[in-house]
file start.tsv (TSV, N, CA and C atoms)
chain	number	residue	atom	x	y	z
A	1	MET	N	10.75	-40.01	-4.97
A	1	MET	CA	9.82	-39.46	-5.93
A	1	MET	C	9.85	-37.95	-5.81
A	2	VAL	N	9.98	-37.28	-6.95
A	2	VAL	CA	9.97	-35.82	-6.99
A	2	VAL	C	8.65	-35.40	-7.59
A	3	GLU	N	7.77	-34.88	-6.75
A	3	GLU	CA	6.41	-34.54	-7.17
A	3	GLU	C	5.86	-33.43	-6.30
A	4	ASP	N	5.40	-32.36	-6.94
A	4	ASP	CA	4.86	-31.22	-6.19
A	4	ASP	C	3.34	-31.23	-6.07
A	5	GLU	N	2.69	-32.19	-6.72
A	5	GLU	CA	1.24	-32.30	-6.59
A	5	GLU	C	0.94	-33.33	-5.50
A	6	PRO	N	0.41	-32.87	-4.36
A	6	PRO	CA	0.20	-33.77	-3.21
A	6	PRO	C	-0.62	-35.02	-3.53
A	7	CYS	N	-1.65	-34.89	-4.34
A	7	CYS	CA	-2.51	-36.04	-4.66
A	7	CYS	C	-1.72	-37.10	-5.43
A	8	ILE	N	-0.94	-36.68	-6.41
A	8	ILE	CA	-0.14	-37.63	-7.18
A	8	ILE	C	0.93	-38.26	-6.30
A	9	ALA	N	1.55	-37.47	-5.45
A	9	ALA	CA	2.57	-38.00	-4.54
A	9	ALA	C	1.97	-39.05	-3.61
A	10	LEU	N	0.79	-38.78	-3.08
A	10	LEU	CA	0.13	-39.71	-2.16
A	10	LEU	C	-0.25	-41.01	-2.85
A	11	ILE	N	-0.88	-40.92	-4.00
A	11	ILE	CA	-1.28	-42.13	-4.73
A	11	ILE	C	-0.05	-42.94	-5.14
A	12	SER	N	0.98	-42.25	-5.60
A	12	SER	CA	2.20	-42.93	-6.02
A	12	SER	C	2.88	-43.63	-4.84
A	13	THR	N	2.92	-42.94	-3.72
A	13	THR	CA	3.51	-43.53	-2.52
A	13	THR	C	2.73	-44.77	-2.09
A	14	ARG	N	1.43	-44.67	-2.06
A	14	ARG	CA	0.60	-45.83	-1.67
A	14	ARG	C	0.79	-46.99	-2.64
A	15	THR	N	0.85	-46.68	-3.93
A	15	THR	CA	1.03	-47.71	-4.95
A	15	THR	C	2.36	-48.43	-4.77
A	16	LEU	N	3.42	-47.68	-4.59
A	16	LEU	CA	4.75	-48.28	-4.51
A	16	LEU	C	5.03	-48.95	-3.17
A	17	THR	N	4.53	-48.38	-2.08
A	17	THR	CA	4.74	-49.04	-0.78
A	17	THR	C	3.95	-50.35	-0.71
A	18	ALA	N	2.82	-50.41	-1.38
A	18	ALA	CA	2.05	-51.65	-1.42
A	18	ALA	C	2.82	-52.76	-2.15
A	19	GLU	N	3.76	-52.36	-3.00
A	19	GLU	CA	4.62	-53.32	-3.71
A	19	GLU	C	5.89	-53.64	-2.93
A	20	GLY	N	6.03	-53.03	-1.75
A	20	GLY	CA	7.18	-53.30	-0.91
A	20	GLY	C	8.33	-52.31	-1.05
A	21	PHE	N	8.13	-51.26	-1.82
A	21	PHE	CA	9.18	-50.26	-2.00
A	21	PHE	C	9.11	-49.22	-0.89
A	22	GLN	N	10.26	-48.69	-0.51
A	22	GLN	CA	10.32	-47.55	0.40
A	22	GLN	C	10.35	-46.30	-0.48
A	23	VAL	N	9.55	-45.30	-0.12
A	23	VAL	CA	9.42	-44.11	-0.95
A	23	VAL	C	9.67	-42.86	-0.12
A	24	ASP	N	10.55	-42.01	-0.62
A	24	ASP	CA	10.76	-40.68	-0.06
A	24	ASP	C	10.22	-39.69	-1.08
A	25	ILE	N	9.64	-38.61	-0.58
A	25	ILE	CA	9.05	-37.59	-1.47
A	25	ILE	C	9.81	-36.28	-1.32
A	26	ALA	N	10.11	-35.68	-2.47
A	26	ALA	CA	10.66	-34.32	-2.51
A	26	ALA	C	9.71	-33.51	-3.40
A	27	VAL	N	9.43	-32.28	-3.00
A	27	VAL	CA	8.49	-31.46	-3.78
A	27	VAL	C	9.15	-30.70	-4.92
A	28	ASN	N	10.47	-30.76	-4.98
A	28	ASN	CA	11.18	-30.13	-6.10
A	28	ASN	C	12.56	-30.76	-6.23
A	29	GLY	N	13.22	-30.44	-7.33
A	29	GLY	CA	14.53	-31.01	-7.60
A	29	GLY	C	15.60	-30.58	-6.63
A	30	GLU	N	15.48	-29.39	-6.11
A	30	GLU	CA	16.47	-28.89	-5.15
A	30	GLU	C	16.49	-29.77	-3.90
A	31	ILE	N	15.33	-30.08	-3.37
A	31	ILE	CA	15.23	-30.95	-2.19
A	31	ILE	C	15.68	-32.36	-2.56
A	32	ALA	N	15.28	-32.84	-3.73
A	32	ALA	CA	15.66	-34.18	-4.17
A	32	ALA	C	17.18	-34.31	-4.30
A	33	LEU	N	17.83	-33.28	-4.80
A	33	LEU	CA	19.28	-33.30	-4.95
A	33	LEU	C	19.96	-33.44	-3.59
A	34	GLU	N	19.49	-32.68	-2.61
A	34	GLU	CA	20.05	-32.78	-1.26
A	34	GLU	C	19.81	-34.17	-0.67
A	35	MET	N	18.64	-34.73	-0.92
A	35	MET	CA	18.35	-36.07	-0.43
A	35	MET	C	19.26	-37.09	-1.10
A	36	TRP	N	19.48	-36.96	-2.40
A	36	TRP	CA	20.32	-37.90	-3.15
A	36	TRP	C	21.76	-37.85	-2.65
A	37	ARG	N	22.21	-36.67	-2.29
A	37	ARG	CA	23.58	-36.52	-1.79
A	37	ARG	C	23.79	-37.23	-0.46
A	38	LYS	N	22.70	-37.46	0.29
A	38	LYS	CA	22.79	-38.09	1.61
A	38	LYS	C	22.47	-39.59	1.59
A	39	LYS	N	21.87	-40.06	0.51
A	39	LYS	CA	21.41	-41.45	0.47
A	39	LYS	C	21.54	-41.99	-0.95
A	40	ASP	N	21.95	-43.22	-1.08
A	40	ASP	CA	22.07	-43.85	-2.39
A	40	ASP	C	20.72	-44.47	-2.75
A	41	TYR	N	20.00	-43.82	-3.65
A	41	TYR	CA	18.68	-44.30	-4.05
A	41	TYR	C	18.79	-45.29	-5.20
A	42	ASP	N	17.87	-46.24	-5.25
A	42	ASP	CA	17.80	-47.20	-6.33
A	42	ASP	C	17.13	-46.62	-7.57
A	43	LEU	N	16.30	-45.60	-7.36
A	43	LEU	CA	15.49	-45.07	-8.45
A	43	LEU	C	15.01	-43.67	-8.12
A	44	CYS	N	14.80	-42.89	-9.16
A	44	CYS	CA	14.20	-41.56	-9.00
A	44	CYS	C	13.08	-41.41	-10.01
A	45	VAL	N	11.87	-41.25	-9.51
A	45	VAL	CA	10.71	-40.95	-10.36
A	45	VAL	C	10.48	-39.46	-10.19
A	46	SER	N	10.73	-38.71	-11.26
A	46	SER	CA	10.70	-37.25	-11.14
A	46	SER	C	9.76	-36.60	-12.14
A	47	ASP	N	8.89	-35.76	-11.62
A	47	ASP	CA	8.09	-34.88	-12.47
A	47	ASP	C	9.07	-33.94	-13.17
A	48	ILE	N	8.82	-33.65	-14.42
A	48	ILE	CA	9.71	-32.73	-15.13
A	48	ILE	C	9.46	-31.29	-14.69
A	49	ARG	N	8.22	-30.96	-14.41
A	49	ARG	CA	7.90	-29.58	-14.04
A	49	ARG	C	7.64	-29.46	-12.54
A	50	THR	N	8.68	-29.06	-11.82
A	50	THR	CA	8.54	-28.78	-10.38
A	50	THR	C	9.14	-27.41	-10.11
A	51	PRO	N	8.70	-26.75	-9.05
A	51	PRO	CA	9.24	-25.42	-8.74
A	51	PRO	C	10.69	-25.46	-8.27
A	52	ARG	N	11.34	-24.35	-8.34
A	52	ARG	CA	12.70	-24.11	-7.86
A	52	ARG	C	13.75	-24.81	-8.71
A	53	MET	N	13.72	-26.13	-8.79
A	53	MET	CA	14.60	-26.89	-9.68
A	53	MET	C	13.75	-27.97	-10.31
A	54	ASN	N	13.64	-27.95	-11.63
A	54	ASN	CA	12.77	-28.93	-12.28
A	54	ASN	C	13.51	-30.25	-12.50
A	55	GLY	N	12.80	-31.22	-13.04
A	55	GLY	CA	13.37	-32.54	-13.24
A	55	GLY	C	14.54	-32.57	-14.21
A	56	ILE	N	14.50	-31.73	-15.22
A	56	ILE	CA	15.61	-31.66	-16.18
A	56	ILE	C	16.85	-31.13	-15.49
A	57	GLU	N	16.69	-30.08	-14.70
A	57	GLU	CA	17.84	-29.51	-13.98
A	57	GLU	C	18.39	-30.52	-12.96
A	58	LEU	N	17.50	-31.24	-12.29
A	58	LEU	CA	17.94	-32.27	-11.34
A	58	LEU	C	18.74	-33.34	-12.07
A	59	TYR	N	18.23	-33.81	-13.18
A	59	TYR	CA	18.92	-34.83	-13.97
A	59	TYR	C	20.31	-34.34	-14.38
A	60	ARG	N	20.39	-33.13	-14.89
A	60	ARG	CA	21.67	-32.57	-15.35
A	60	ARG	C	22.66	-32.44	-14.19
A	61	GLN	N	22.17	-32.00	-13.04
A	61	GLN	CA	23.05	-31.85	-11.88
A	61	GLN	C	23.58	-33.21	-11.42
A	62	LEU	N	22.69	-34.18	-11.34
A	62	LEU	CA	23.12	-35.52	-10.93
A	62	LEU	C	24.02	-36.16	-11.99
A	63	GLU	N	23.78	-35.86	-13.23
A	63	GLU	CA	24.62	-36.37	-14.31
A	63	GLU	C	26.07	-35.93	-14.13
A	64	SER	N	26.26	-34.70	-13.66
A	64	SER	CA	27.63	-34.21	-13.45
A	64	SER	C	28.22	-34.69	-12.13
A	65	GLU	N	27.40	-34.84	-11.10
A	65	GLU	CA	27.90	-35.26	-9.78
A	65	GLU	C	28.02	-36.77	-9.62
A	66	CYS	N	27.10	-37.48	-10.23
A	66	CYS	CA	26.97	-38.92	-10.00
A	66	CYS	C	26.47	-39.57	-11.31
A	67	PRO	N	27.35	-39.71	-12.30
A	67	PRO	CA	26.91	-40.16	-13.64
A	67	PRO	C	26.07	-41.43	-13.68
A	68	GLU	N	26.32	-42.36	-12.77
A	68	GLU	CA	25.53	-43.60	-12.79
A	68	GLU	C	24.08	-43.37	-12.38
A	69	ALA	N	23.78	-42.25	-11.75
A	69	ALA	CA	22.42	-41.94	-11.31
A	69	ALA	C	21.46	-41.76	-12.49
A	70	VAL	N	21.97	-41.37	-13.65
A	70	VAL	CA	21.08	-41.09	-14.78
A	70	VAL	C	20.33	-42.34	-15.24
A	71	TYR	N	20.88	-43.51	-14.96
A	71	TYR	CA	20.21	-44.75	-15.35
A	71	TYR	C	19.08	-45.12	-14.39
A	72	LYS	N	18.96	-44.36	-13.33
A	72	LYS	CA	17.96	-44.63	-12.30
A	72	LYS	C	16.75	-43.69	-12.40
A	73	PHE	N	16.60	-42.97	-13.51
A	73	PHE	CA	15.55	-41.99	-13.66
A	73	PHE	C	14.37	-42.49	-14.48
A	74	ILE	N	13.19	-42.15	-13.98
A	74	ILE	CA	11.93	-42.25	-14.71
A	74	ILE	C	11.32	-40.86	-14.60
A	75	PHE	N	10.87	-40.31	-15.70
A	75	PHE	CA	10.24	-39.00	-15.64
A	75	PHE	C	8.73	-39.12	-15.76
A	76	THR	N	8.04	-38.14	-15.20
A	76	THR	CA	6.60	-38.01	-15.38
A	76	THR	C	6.35	-36.58	-15.86
A	77	THR	N	5.31	-36.40	-16.64
A	77	THR	CA	4.95	-35.06	-17.08
A	77	THR	C	3.57	-35.06	-17.69
A	78	GLY	N	2.94	-33.93	-17.57
A	78	GLY	CA	1.66	-33.71	-18.23
A	78	GLY	C	1.87	-32.95	-19.53
A	79	ASP	N	3.12	-32.69	-19.89
A	79	ASP	CA	3.45	-31.88	-21.04
A	79	ASP	C	4.39	-32.63	-21.98
A	80	MET	N	3.83	-33.56	-22.73
A	80	MET	CA	4.64	-34.35	-23.65
A	80	MET	C	4.84	-33.65	-25.00
A	81	LEU	N	4.18	-32.51	-25.18
A	81	LEU	CA	4.21	-31.87	-26.49
A	81	LEU	C	5.23	-30.75	-26.63
A	82	SER	N	5.67	-30.17	-25.51
A	82	SER	CA	6.65	-29.08	-25.59
A	82	SER	C	7.92	-29.59	-26.26
A	83	GLY	N	8.42	-28.80	-27.19
A	83	GLY	CA	9.60	-29.19	-27.95
A	83	GLY	C	10.80	-29.48	-27.09
A	84	ASN	N	11.05	-28.63	-26.08
A	84	ASN	CA	12.24	-28.84	-25.26
A	84	ASN	C	12.13	-30.10	-24.39
A	85	ILE	N	10.93	-30.41	-23.93
A	85	ILE	CA	10.74	-31.62	-23.12
A	85	ILE	C	10.88	-32.86	-24.01
A	86	LYS	N	10.26	-32.82	-25.16
A	86	LYS	CA	10.35	-33.95	-26.09
A	86	LYS	C	11.80	-34.19	-26.50
A	87	THR	N	12.52	-33.13	-26.81
A	87	THR	CA	13.93	-33.24	-27.19
A	87	THR	C	14.76	-33.80	-26.05
A	88	PHE	N	14.52	-33.31	-24.84
A	88	PHE	CA	15.24	-33.80	-23.66
A	88	PHE	C	15.02	-35.30	-23.48
A	89	LEU	N	13.79	-35.73	-23.54
A	89	LEU	CA	13.48	-37.15	-23.34
A	89	LEU	C	14.11	-38.02	-24.43
A	90	GLU	N	14.08	-37.55	-25.66
A	90	GLU	CA	14.71	-38.30	-26.75
A	90	GLU	C	16.22	-38.36	-26.55
A	91	GLU	N	16.80	-37.24	-26.12
A	91	GLU	CA	18.25	-37.16	-25.91
A	91	GLU	C	18.72	-38.11	-24.81
A	92	THR	N	17.97	-38.17	-23.71
A	92	THR	CA	18.39	-39.00	-22.58
A	92	THR	C	18.02	-40.47	-22.77
A	93	GLY	N	16.94	-40.73	-23.49
A	93	GLY	CA	16.48	-42.10	-23.65
A	93	GLY	C	15.83	-42.66	-22.40
A	94	ARG	N	15.57	-41.81	-21.42
A	94	ARG	CA	14.96	-42.26	-20.17
A	94	ARG	C	13.46	-42.42	-20.36
A	95	PRO	N	12.86	-43.38	-19.65
A	95	PRO	CA	11.42	-43.58	-19.77
A	95	PRO	C	10.64	-42.41	-19.16
A	96	CYS	N	9.46	-42.19	-19.74
A	96	CYS	CA	8.59	-41.13	-19.24
A	96	CYS	C	7.17	-41.65	-19.15
A	97	LEU	N	6.56	-41.40	-18.02
A	97	LEU	CA	5.19	-41.80	-17.76
A	97	LEU	C	4.31	-40.55	-17.89
A	98	PRO	N	3.48	-40.49	-18.93
A	98	PRO	CA	2.64	-39.31	-19.11
A	98	PRO	C	1.56	-39.22	-18.02
A	99	LYS	N	1.33	-37.99	-17.57
A	99	LYS	CA	0.25	-37.73	-16.60
A	99	LYS	C	-1.03	-37.43	-17.37
A	100	PRO	N	-2.16	-37.82	-16.84
A	100	PRO	CA	-2.33	-38.64	-15.63
A	100	PRO	C	-1.99	-40.10	-15.95
A	101	PHE	N	-1.46	-40.79	-14.95
A	101	PHE	CA	-1.12	-42.19	-15.14
A	101	PHE	C	-1.86	-43.04	-14.12
A	102	ALA	N	-2.07	-44.28	-14.50
A	102	ALA	CA	-2.75	-45.24	-13.62
A	102	ALA	C	-1.72	-45.90	-12.71
A	103	PRO	N	-2.10	-46.25	-11.49
A	103	PRO	CA	-1.17	-46.91	-10.58
A	103	PRO	C	-0.48	-48.13	-11.19
A	104	GLU	N	-1.22	-48.91	-11.97
A	104	GLU	CA	-0.60	-50.10	-12.56
A	104	GLU	C	0.50	-49.74	-13.57
A	105	ASN	N	0.37	-48.60	-14.23
A	105	ASN	CA	1.42	-48.15	-15.14
A	105	ASN	C	2.67	-47.73	-14.37
A	106	LEU	N	2.47	-47.09	-13.23
A	106	LEU	CA	3.60	-46.70	-12.39
A	106	LEU	C	4.32	-47.95	-11.88
A	107	ARG	N	3.57	-48.91	-11.37
A	107	ARG	CA	4.17	-50.16	-10.89
A	107	ARG	C	4.98	-50.83	-12.00
A	108	ALA	N	4.41	-50.92	-13.17
A	108	ALA	CA	5.07	-51.62	-14.28
A	108	ALA	C	6.36	-50.93	-14.70
A	109	ILE	N	6.35	-49.62	-14.83
A	109	ILE	CA	7.55	-48.93	-15.29
A	109	ILE	C	8.65	-48.97	-14.23
A	110	VAL	N	8.28	-48.87	-12.96
A	110	VAL	CA	9.26	-48.95	-11.88
A	110	VAL	C	9.92	-50.33	-11.88
A	111	LYS	N	9.14	-51.37	-11.99
A	111	LYS	CA	9.70	-52.73	-12.00
A	111	LYS	C	10.60	-52.94	-13.20
A	112	THR	N	10.20	-52.43	-14.35
A	112	THR	CA	11.00	-52.58	-15.57
A	112	THR	C	12.35	-51.89	-15.44
A	113	VAL	N	12.35	-50.67	-14.92
A	113	VAL	CA	13.59	-49.91	-14.80
A	113	VAL	C	14.50	-50.52	-13.73
A	114	LEU	N	13.93	-50.97	-12.64
A	114	LEU	CA	14.74	-51.58	-11.59
A	114	LEU	C	15.44	-52.85	-12.06
A	115	VAL	N	14.80	-53.62	-12.91
A	115	VAL	CA	15.42	-54.82	-13.47
A	115	VAL	C	16.63	-54.44	-14.32
A	116	ALA	N	16.51	-53.32	-15.05
A	116	ALA	CA	17.57	-52.89	-15.97
A	116	ALA	C	18.75	-52.22	-15.25
A	117	VAL	N	18.51	-51.73	-14.03
A	117	VAL	CA	19.57	-50.97	-13.32
A	117	VAL	C	20.59	-51.89	-12.75

call {"tool": "encode", "arguments": {"input": "start.tsv", "output": "structure tokens"}}
result
Amino acid sequence: MVEDEPCIALISTRTLTAEGFQVDIAVNGEIALEMWRKKDYDLCVSDIRTPRMNGIELYRQLESECPEAVYKFIFTTGDMLSGNIKTFLEETGRPCLPKPFAPENLRAIVKTVLVAV
């Protein structure tokens, strides 16, 4: 999970570990990219707006390094209205969970994407 807001990261981690998932947290895309290079993850839940390297930049970098990784992305954002974010999400076709989100919505979208991967 790529999330720079500690409260959201904590709630998300508790929600997903309660479902039996192992969760690693990165506070930005730069750290997440290094983690991905060292471990084959089943899924990446990434906030679009993180410092240093945002979720879009992370997605683009992984798209070039590891093309199959793009099917493992779920995005989160509190900014569904910005033109560039809306265009990006439409272009990629990846699911996006708008913030704030309820734990049950996170569980549902994770399970749905994992079935499809």

call {"tool": "select_by_dssp", "arguments": {"input": "start.tsv", "residues": "chain A", "states": "helix (DSSP H, G or I)", "output": "number ranges by chain"}}
result
A: 6-18, 29-38, 55-65, 67-72, 83-92, 103-116

call {"tool": "residues_around", "arguments": {"input": "start.tsv", "residues": "Asp4 of chain A", "least_positions_apart": "2", "cutoff": "7 Å", "atoms": "only C-alpha atoms", "output": "list of chain:residue names"}}
result
A:Val2, A:Pro6, A:Val27, A:Asn28, A:Thr50

call {"tool": "atom_distance", "arguments": {"input": "start.tsv", "atom1": "atom CA of Asp40 of chain A", "atom2": "atom N of Glu91 of chain A"}}
result
25.2 Å

call {"tool": "atom_distance", "arguments": {"input": "start.tsv", "atom1": "atom CA of Arg49 of chain A", "atom2": "atom CA of Gly20 of chain A"}}
result
27.1 Å

call {"tool": "atom_distance", "arguments": {"input": "start.tsv", "atom1": "atom CA of Arg14 of chain A", "atom2": "atom CA of Lys72 of chain A"}}
result
20.4 Å

call {"tool": "closest_residue", "arguments": {"input": "start.tsv", "among": "A:Met35, A:Asp42, A:Arg107, A:Thr13", "to": "Tyr71 of chain A", "atoms": "all atoms listed in the file"}}
result
A:Asp42

call {"tool": "residues_around", "arguments": {"input": "start.tsv", "residues": "Ile85 of chain A", "least_positions_apart": "4", "cutoff": "12 Å", "atoms": "only C-alpha atoms", "output": "PyMOL selection string"}}
result
chain A and resi 47-49+54-57+75-81+89-94+96+98

call {"tool": "select_by_dssp", "arguments": {"input": "start.tsv", "residues": "chain A", "states": "strand (DSSP E)", "output": "list in words"}}
result
Cys44, Val45, Ser46, Asp47, Phe73, Ile74, Phe75, Thr76, Thr77, Cys96, Leu97 and Pro98 of chain A

call {"tool": "residues_near_point", "arguments": {"input": "start.tsv", "point": "(10.5, -40.6, -1.9)", "cutoff": "8 Å", "atoms": "only C-alpha atoms", "output": "VMD selection string"}}
result
chain A and resid 1 to 2 13 22 to 26

call {"tool": "closest_residue", "arguments": {"input": "start.tsv", "among": "A:Ala69, A:Glu5, A:Gly83, A:Ile31", "to": "Arg52 of chain A", "atoms": "only N, CA and C atoms"}}
result
A:Ile31

call {"tool": "residues_around", "arguments": {"input": "start.tsv", "residues": "Leu106 of chain A", "least_positions_apart": "5", "cutoff": "8 Å", "atoms": "only N, CA and C atoms", "output": "PyMOL selection string"}}
result
chain A and resi 12+15-16+97+101+111-112

call {"tool": "closest_residue", "arguments": {"input": "start.tsv", "among": "A:Ile74, A:Val113, A:Leu33, A:Ile8", "to": "Ser46 of chain A", "atoms": "only C-alpha atoms"}}
result
A:Ile74

call {"tool": "decode", "arguments": {"input": "start.tsv", "residues": "segment 64-82 of chain A", "atoms": "N, CA, C and O atoms", "output": "compact mmCIF listing (two decimals), in the first residue's frame"}}
result
# COMPACT_ATOMS: atom_id res chain seq x y z
N SER A 64 6.86 0.50 -17.47
CA SER A 64 8.02 0.32 -18.35
C SER A 64 8.94 -0.80 -17.87
O SER A 64 9.53 -1.51 -18.67
N GLU A 65 9.06 -0.98 -16.55
CA GLU A 65 9.96 -2.00 -16.00
C GLU A 65 9.33 -3.39 -15.92
O GLU A 65 10.02 -4.40 -16.04
N CYS A 66 8.06 -3.42 -15.63
CA CYS A 66 7.37 -4.68 -15.32
C CYS A 66 5.92 -4.57 -15.82
O CYS A 66 5.01 -4.36 -15.02
N PRO A 67 5.70 -4.67 -17.13
CA PRO A 67 4.38 -4.40 -17.70
C PRO A 67 3.20 -5.14 -17.06
O PRO A 67 2.11 -4.60 -16.98
N GLU A 68 3.43 -6.35 -16.59
CA GLU A 68 2.33 -7.09 -15.97
C GLU A 68 1.89 -6.49 -14.64
O GLU A 68 0.79 -6.76 -14.16
N ALA A 69 2.71 -5.65 -14.04
CA ALA A 69 2.38 -5.02 -12.76
C ALA A 69 1.19 -4.08 -12.88
O ALA A 69 0.48 -3.88 -11.90
N VAL A 70 0.94 -3.52 -14.05
CA VAL A 70 -0.13 -2.54 -14.18
C VAL A 70 -1.51 -3.14 -13.90
O VAL A 70 -2.43 -2.43 -13.51
N TYR A 71 -1.63 -4.45 -14.06
CA TYR A 71 -2.91 -5.11 -13.79
C TYR A 71 -3.13 -5.33 -12.29
O TYR A 71 -4.20 -5.78 -11.88
N LYS A 72 -2.13 -5.02 -11.51
CA LYS A 72 -2.18 -5.24 -10.07
C LYS A 72 -2.43 -3.94 -9.29
O LYS A 72 -2.24 -3.90 -8.08
N PHE A 73 -2.84 -2.87 -9.97
CA PHE A 73 -3.02 -1.57 -9.34
C PHE A 73 -4.46 -1.25 -9.02
O PHE A 73 -5.36 -1.48 -9.82
N ILE A 74 -4.64 -0.69 -7.83
CA ILE A 74 -5.87 -0.02 -7.41
C ILE A 74 -5.41 1.35 -6.94
O ILE A 74 -4.45 1.45 -6.17
N PHE A 75 -6.07 2.39 -7.38
CA PHE A 75 -5.71 3.73 -6.94
C PHE A 75 -6.70 4.25 -5.92
O PHE A 75 -7.86 3.84 -5.89
N THR A 76 -6.22 5.14 -5.07
CA THR A 76 -7.07 5.87 -4.15
C THR A 76 -6.77 7.35 -4.35
O THR A 76 -5.65 7.72 -4.71
N THR A 77 -7.76 8.18 -4.14
CA THR A 77 -7.54 9.62 -4.23
C THR A 77 -8.71 10.38 -3.63
O THR A 77 -9.83 9.89 -3.65
N GLY A 78 -8.39 11.53 -3.14
CA GLY A 78 -9.42 12.45 -2.67
C GLY A 78 -9.73 13.48 -3.73
O GLY A 78 -10.51 14.40 -3.51
N ASP A 79 -9.12 13.35 -4.90
CA ASP A 79 -9.24 14.33 -5.96
C ASP A 79 -9.70 13.67 -7.26
O ASP A 79 -8.92 13.43 -8.16
N MET A 80 -10.98 13.36 -7.33
CA MET A 80 -11.53 12.71 -8.51
C MET A 80 -11.90 13.71 -9.60
O MET A 80 -12.27 13.32 -10.70
N LEU A 81 -11.79 15.00 -9.30
CA LEU A 81 -12.27 16.01 -10.24
C LEU A 81 -11.20 16.61 -11.12
O LEU A 81 -11.51 17.18 -12.16
N SER A 82 -9.93 16.54 -10.71
CA SER A 82 -8.86 17.11 -11.52
C SER A 82 -8.84 16.43 -12.89
O SER A 82 -8.88 15.21 -12.98
